[in-house]
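Everything below concerns the one structure shown next.
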Number of protein chains: 2
Amino acid sequence: MTIVVDAMGGDHAPGVVVEGALQAVRASGGRFSLVLIGQEDPVRAHVRECAGRGLTAPEHLLRIHHAPQVITMDDAPNAALRAKRESSIALGLSLQKEGSAQAFVSAGNTGAVLSASTLILGRVEGVGRPTMGALVPTATGSAFLVDAGANVDCKPRHLFEFAAMGSIYMSALRGVDRPRVGLLNVGEEKTKGNEAALEAFRLLGSSPLNFIGNVEGRDILAGRADVIVCDGFVGNILLKFGESVPSFLKARFLAYAGKSVKNRLIALIARGGLRSVLRELDYQEHGGIPLLGVNGVSIIGHGGSSARAITNMIYRAEEMILKDVNGLIRKELARSHD
Amino acid sequence: MTIVVDAMGGDHAPGVVVEGALQAVRASGGRFSLVLIGQEDPVRAHVRECAGRGLTAPEHLLRIHHAPQVITMDDAPNAALRAKRESSIALGLSLQKEGSAQAFVSAGNTGAVLSASTLILGRVEGVGRPTMGALVPTATGSAFLVDAGANVDCKPRHLFEFAAMGSIYMSALRGVDRPRVGLLNVGEEKTKGNEAALEAFRLLGSSPLNFIGNVEGRDILAGRADVIVCDGFVGNILLKFGESVPSFLKARFLAYAGKSVKNRLIALIARGGLRSVLRELDYQEHGGIPLLGVNGVSIIGHGGSSARAITNMIYRAEEMILKDVNGLIRKELARSHD
């Protein structure tokens, strides 16, 4: 099994990526080999730097593949893919397409990885729109919000596909038995919602998925469903809103502390507790999220990924291959077509 | 000036409504007269009960108008309006339509008040879709999120109308000079978003409104805009999600407190501070929100409205009339049609 790691992806690349890859190889006992793809000189320099600290890997388990160009975090995805045909993202995914690897892992430009994965790897049979979800914290654990922003204009059939792929993600990779699927909507009744939601409700209701009906905005954090289905327009806005809650509360807490000496004391004592609670609202997925529905494996990580996060993303890629998630998706969607 | 008050609307009707109306009349010094509309016997009983506590109003300033039927909070709005033609909501709005009153105030079934207001009062010239917004707290004050759920399927032109009406609401009723209008979207660039947002961006950009461009989910609480424009599907989901944050945090804080004696002590000390901060996240609008774009004045209040909230809703109605908000909307939309 060979996994390609985008050495140029992320805010702290290539340093943390090289380190994360070396850690993964060392801990895995030869279960997979890695290809670090990126600008050879800086990547090699970081490998040497790690070796100086005693962090090494056998050469046959960690190869370096040169990619002269870099798509930065600020590049416009599609324009960058057209202009930089020899980027680590494009060449890395091509290695998988031509069969010399089975997975690609990147903490780089999300939009570019998304587009390139769909373009280069193609789609799993039956999938109209590959998707990306996000794990959000709930009162009882976590839920998978899908789509998280990959697809802003969706037809009912796409929403159904998101539900099917989200269910497989939660059952195969998160161990949730018969995940409860909720359609994000403005009310519980099946007569509620916009046109796409009304039709998606019908599709989901007649599918073999464990569809529990419509869920509302307030049901997400309450943990009423394991898979929350929405289009990427709603998903993106909601996730970014959620991400902004902790800093809003911190600002308000500071204002509260500024009102009196007593308040300041209370705030000082409460700081640790507040921080620990707010941390749970942090939606940033540090273990990477798979792109679902592409004909291959592509794991997208947060730009701020640490070496540890990169290591986890590599394990996530291995799991996607071992559990044959794409085979499960193909089967589920074929079943619903019958 | 005559304002009709729905005596049967709200969780604590008619008691708190009667009390709120009496307080408003007493404090206003005859600037307006009120009509309490609802089932005459219980309403009259509550008026007597208030009189027993010394709370009275001159008879010519507070009349009772009988409406035999009641639309409850749980009734399906359109079905209820068809079945109960003599409800306080339908008859109350008809008084305005026939010219014997200038405003209607209700803490009852939001959907029913919305539908009945549009049906009975009609729309302001130039308005395709009357709308209802919600005031949300921000780091710097508050912002008006519009549409808050009245219209789930929207065309770009409707989003533009929401922006125009939201601007007038914030400037005329909230004293914000040249309100900054932001289009809620998945990215800042004008090439971002779904089809409706792309076209709405163009309409807003070429309008005389103070359009600051796209805003993202994270910009709402940060206070980047005074008017946040979105369709009612997104608005409803977002508002309900926001409303659920405090109870999620309370639950997490309880879990934190349960972990150790030290944590429990910290939580005990922090409780007051946390409560005071979370209260600010409470989106429930206790002064009522006007329905914008109907050819008349219709103020909708929260079901849990107190007597004080009812009084404030009556003042809000008076303000809508005095500032001729509908005239301003008519002018703004005519300007944009030129």
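Every chain in the structure tokens has a letter given in the order shown (A, B, ...), and although residue numbers restart at 1 in each chain, ligands are simply numbered from 1 in the order shown.
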message: Which residues are near region 265-279 of chain B? Cut-off 8 Å, only C-alpha atoms, ignore same chain within fewer than 3 positions. Put them as number ranges by chain.
response: A: 249, 252-253, 256, 263, 266-267, 269-270, 273; B: 246, 253-254, 256-257, 261-262, 282
Selected residues, N, CA and C atoms, written as a PDB file, in the first residue's frame, please.
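Written file, out.pdb:
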ATOM      1  N   LEU A 249     -17.646  34.668  22.499  1.00  0.00           N
ATOM      2  CA  LEU A 249     -17.854  34.480  23.937  1.00  0.00           C
ATOM      3  C   LEU A 249     -16.655  34.966  24.739  1.00  0.00           C
ATOM      4  N   ARG A 252     -16.960  38.655  24.970  1.00  0.00           N
ATOM      5  CA  ARG A 252     -17.998  39.058  25.907  1.00  0.00           C
ATOM      6  C   ARG A 252     -17.560  38.797  27.349  1.00  0.00           C
ATOM      7  N   PHE A 253     -16.806  37.719  27.549  1.00  0.00           N
ATOM      8  CA  PHE A 253     -16.338  37.389  28.890  1.00  0.00           C
ATOM      9  C   PHE A 253     -15.318  38.428  29.371  1.00  0.00           C
ATOM     10  N   TYR A 256     -17.241  41.389  30.382  1.00  0.00           N
ATOM     11  CA  TYR A 256     -17.826  41.107  31.694  1.00  0.00           C
ATOM     12  C   TYR A 256     -16.781  41.319  32.791  1.00  0.00           C
ATOM     13  N   ASN A 263     -16.020  40.847  39.191  1.00  0.00           N
ATOM     14  CA  ASN A 263     -16.132  40.142  37.916  1.00  0.00           C
ATOM     15  C   ASN A 263     -14.765  39.678  37.419  1.00  0.00           C
ATOM     16  N   ILE A 266     -13.747  36.579  39.247  1.00  0.00           N
ATOM     17  CA  ILE A 266     -14.532  35.427  38.780  1.00  0.00           C
ATOM     18  C   ILE A 266     -13.992  34.957  37.430  1.00  0.00           C
ATOM     19  N   ALA A 267     -13.757  35.917  36.533  1.00  0.00           N
ATOM     20  CA  ALA A 267     -13.286  35.575  35.190  1.00  0.00           C
ATOM     21  C   ALA A 267     -11.932  34.868  35.257  1.00  0.00           C
ATOM     22  N   ILE A 269     -10.721  33.061  37.713  1.00  0.00           N
ATOM     23  CA  ILE A 269     -10.896  31.699  38.221  1.00  0.00           C
ATOM     24  C   ILE A 269     -11.537  30.805  37.159  1.00  0.00           C
ATOM     25  N   ALA A 270     -12.477  31.394  36.408  1.00  0.00           N
ATOM     26  CA  ALA A 270     -13.258  30.590  35.466  1.00  0.00           C
ATOM     27  C   ALA A 270     -12.522  30.320  34.160  1.00  0.00           C
ATOM     28  N   GLY A 273     -11.776  26.711  32.986  1.00  0.00           N
ATOM     29  CA  GLY A 273     -12.994  25.961  32.705  1.00  0.00           C
ATOM     30  C   GLY A 273     -13.614  26.395  31.395  1.00  0.00           C
TER      31      GLY A 273
ATOM     32  N   PRO B 246     -26.299  28.361  23.872  1.00  0.00           N
ATOM     33  CA  PRO B 246     -26.245  28.461  25.330  1.00  0.00           C
ATOM     34  C   PRO B 246     -26.545  27.151  26.055  1.00  0.00           C
ATOM     35  N   PHE B 253     -20.578  22.671  30.433  1.00  0.00           N
ATOM     36  CA  PHE B 253     -20.021  23.227  31.655  1.00  0.00           C
ATOM     37  C   PHE B 253     -20.378  22.342  32.853  1.00  0.00           C
ATOM     38  N   LEU B 254     -21.585  21.785  32.832  1.00  0.00           N
ATOM     39  CA  LEU B 254     -21.992  20.852  33.888  1.00  0.00           C
ATOM     40  C   LEU B 254     -21.108  19.608  33.855  1.00  0.00           C
ATOM     41  N   TYR B 256     -18.091  19.450  32.737  1.00  0.00           N
ATOM     42  CA  TYR B 256     -16.784  19.893  33.230  1.00  0.00           C
ATOM     43  C   TYR B 256     -16.785  19.924  34.760  1.00  0.00           C
ATOM     44  N   ALA B 257     -17.879  20.456  35.334  1.00  0.00           N
ATOM     45  CA  ALA B 257     -17.978  20.560  36.790  1.00  0.00           C
ATOM     46  C   ALA B 257     -17.988  19.185  37.452  1.00  0.00           C
ATOM     47  N   VAL B 261     -13.642  17.913  42.123  1.00  0.00           N
ATOM     48  CA  VAL B 261     -14.113  18.872  43.128  1.00  0.00           C
ATOM     49  C   VAL B 261     -13.639  20.273  42.769  1.00  0.00           C
ATOM     50  N   LYS B 262     -12.403  20.344  42.293  1.00  0.00           N
ATOM     51  CA  LYS B 262     -11.856  21.647  41.899  1.00  0.00           C
ATOM     52  C   LYS B 262     -12.702  22.255  40.783  1.00  0.00           C
ATOM     53  N   ASP B 282     -28.939  35.165  23.577  1.00  0.00           N
ATOM     54  CA  ASP B 282     -30.359  34.845  23.484  1.00  0.00           C
ATOM     55  C   ASP B 282     -31.009  35.688  22.390  1.00  0.00           C
TER      56      ASP B 282
END
field: Backbone DSSP call of helix (DSSP H, G or I) for region 104-213 of chain A, listed as a count of residues only
entry: 41
field: Spatial neighbours of Gly205 (chain A), 12 Å, only C-alpha atoms, chain gap at least 4 places, as a PyMOL selection string
entry: chain A and resi 160+163+181-183+190+197-201+209-214+336
- prompt: Do you know which residues are at most 10 Å from region 220-225 of chain B counting only C-alpha atoms, after dropping those on the same chain fewer than 5 positions away, and could you put them as a PyMOL selection string?
  reply: (chain A and resi 237+240-242+244-245+247-249+251) or (chain B and resi 136-145+179-184+211-215+281)
- request: Find the residues near region 106-111 of chain A: any atom within 7 Å, counting only C-alpha atoms, skip ones fewer than 2 places away on the same chain, and give them as a list in words.
  value: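 Skipping anything fewer than 2 positions along the chain leaves Val5, Asp6, Gly9, Gly10, Thr72, Met73, Pro77, Phe104, Val113, Leu114, Ser115, Ile299, Ile300, Gly301, His302, Gly303 and Ser305 of chain A.
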message: Which residues are near region 55-65 of chain B? Cut-off 7 Å, only C-alpha atoms, ignore same chain within fewer than 4 positions. Put them as an MDAnalysis selection string.
response: chainID B and resid 22 25:26 33:38 40 50:51
query: Which neighbours of Met8 (chain B) fall inside 7 Å, counting only C-alpha atoms, when residues of the same chain fewer than 3 positions from it are skipped, and could you give them as number ranges by chain?
result: B: 13-14, 38, 70, 88
Residues of the last selection are to be written out with N, CA and C atoms, as a PDB file, in the first residue's frame.
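Output contents, as saved in selection.pdb:
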ATOM      1  N   ALA B  13     -51.476  34.538  27.045  1.00  0.00           N
ATOM      2  CA  ALA B  13     -52.659  35.338  26.706  1.00  0.00           C
ATOM      3  C   ALA B  13     -53.898  34.734  27.357  1.00  0.00           C
ATOM      4  N   PRO B  14     -54.956  35.525  27.626  1.00  0.00           N
ATOM      5  CA  PRO B  14     -54.972  36.969  27.406  1.00  0.00           C
ATOM      6  C   PRO B  14     -54.408  37.791  28.570  1.00  0.00           C
ATOM      7  N   GLY B  38     -60.360  39.781  20.703  1.00  0.00           N
ATOM      8  CA  GLY B  38     -60.308  38.418  21.208  1.00  0.00           C
ATOM      9  C   GLY B  38     -61.650  38.026  21.805  1.00  0.00           C
ATOM     10  N   VAL B  70     -59.970  31.388  18.039  1.00  0.00           N
ATOM     11  CA  VAL B  70     -58.569  31.558  18.437  1.00  0.00           C
ATOM     12  C   VAL B  70     -57.681  30.639  17.598  1.00  0.00           C
ATOM     13  N   SER B  88     -58.992  36.125  16.141  1.00  0.00           N
ATOM     14  CA  SER B  88     -58.527  37.463  16.521  1.00  0.00           C
ATOM     15  C   SER B  88     -57.516  37.983  15.494  1.00  0.00           C
TER      16      SER B  88
END
message: Just the number, please: distance in Å from CA of Arg218 (chain A) to CA of Leu238 (chain B), one decimal.
response: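 Answer for the CA of Arg218 (chain A) to CA of Leu238 (chain B) separation: 8.7 Å.
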query: Quick one: DSSP strand (DSSP E or B) residues in region 279-324 of chain B, as a ChimeraX atom specification?
result: /B:289-292,294,298-300
Could the residues in this selection be written to a file with N, CA and C atoms, as a PDB file, in the first residue's frame?
ATOM      1  N   ILE B 289     -40.932  42.194  16.388  1.00  0.00           N
ATOM      2  CA  ILE B 289     -40.256  42.480  15.117  1.00  0.00           C
ATOM      3  C   ILE B 289     -41.343  42.816  14.096  1.00  0.00           C
ATOM      4  N   PRO B 290     -41.176  43.932  13.372  1.00  0.00           N
ATOM      5  CA  PRO B 290     -42.209  44.246  12.386  1.00  0.00           C
ATOM      6  C   PRO B 290     -42.095  43.343  11.162  1.00  0.00           C
ATOM      7  N   LEU B 291     -43.230  43.010  10.618  1.00  0.00           N
ATOM      8  CA  LEU B 291     -43.257  42.376   9.323  1.00  0.00           C
ATOM      9  C   LEU B 291     -43.015  43.509   8.329  1.00  0.00           C
ATOM     10  N   LEU B 292     -42.008  43.379   7.473  1.00  0.00           N
ATOM     11  CA  LEU B 292     -41.646  44.458   6.549  1.00  0.00           C
ATOM     12  C   LEU B 292     -42.176  44.175   5.147  1.00  0.00           C
ATOM     13  N   VAL B 294     -45.448  44.652   4.156  1.00  0.00           N
ATOM     14  CA  VAL B 294     -46.909  44.560   4.051  1.00  0.00           C
ATOM     15  C   VAL B 294     -47.481  45.971   4.066  1.00  0.00           C
ATOM     16  N   SER B 298     -47.726  45.501  11.053  1.00  0.00           N
ATOM     17  CA  SER B 298     -48.007  44.252  11.742  1.00  0.00           C
ATOM     18  C   SER B 298     -46.747  43.874  12.516  1.00  0.00           C
ATOM     19  N   ILE B 299     -46.882  43.852  13.847  1.00  0.00           N
ATOM     20  CA  ILE B 299     -45.727  43.559  14.698  1.00  0.00           C
ATOM     21  C   ILE B 299     -45.900  42.171  15.294  1.00  0.00           C
ATOM     22  N   ILE B 300     -44.876  41.338  15.141  1.00  0.00           N
ATOM     23  CA  ILE B 300     -44.949  39.976  15.644  1.00  0.00           C
ATOM     24  C   ILE B 300     -44.034  39.831  16.851  1.00  0.00           C
TER      25      ILE B 300
END
- line: Counting only C-alpha atoms, closest pick from A:Val325, A:Ala76, A:Cys154, A:Val186 relative to chain B is A:Val186
- request: Could you jot down the CA of Ala24 (chain A) to CA of Leu91 (chain A) separation for me, Å, one decimal place?
  value: 21.9 Å
Distance in Å - CA of Lys97 (chain B) versus CA of Arg85 (chain B):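 Spanning CA of Lys97 (chain B) to CA of Arg85 (chain B) is a straight-line distance of 15.0 Å.
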Among listed residues B:Leu204, B:Ala307, B:Ala116, B:Met320, nearest Arg174 (chain B) (using only C-alpha atoms):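 Going through B:Leu204, B:Ala307, B:Ala116, B:Met320 one by one, the smallest distance to Arg174 (chain B) is for B:Met320.
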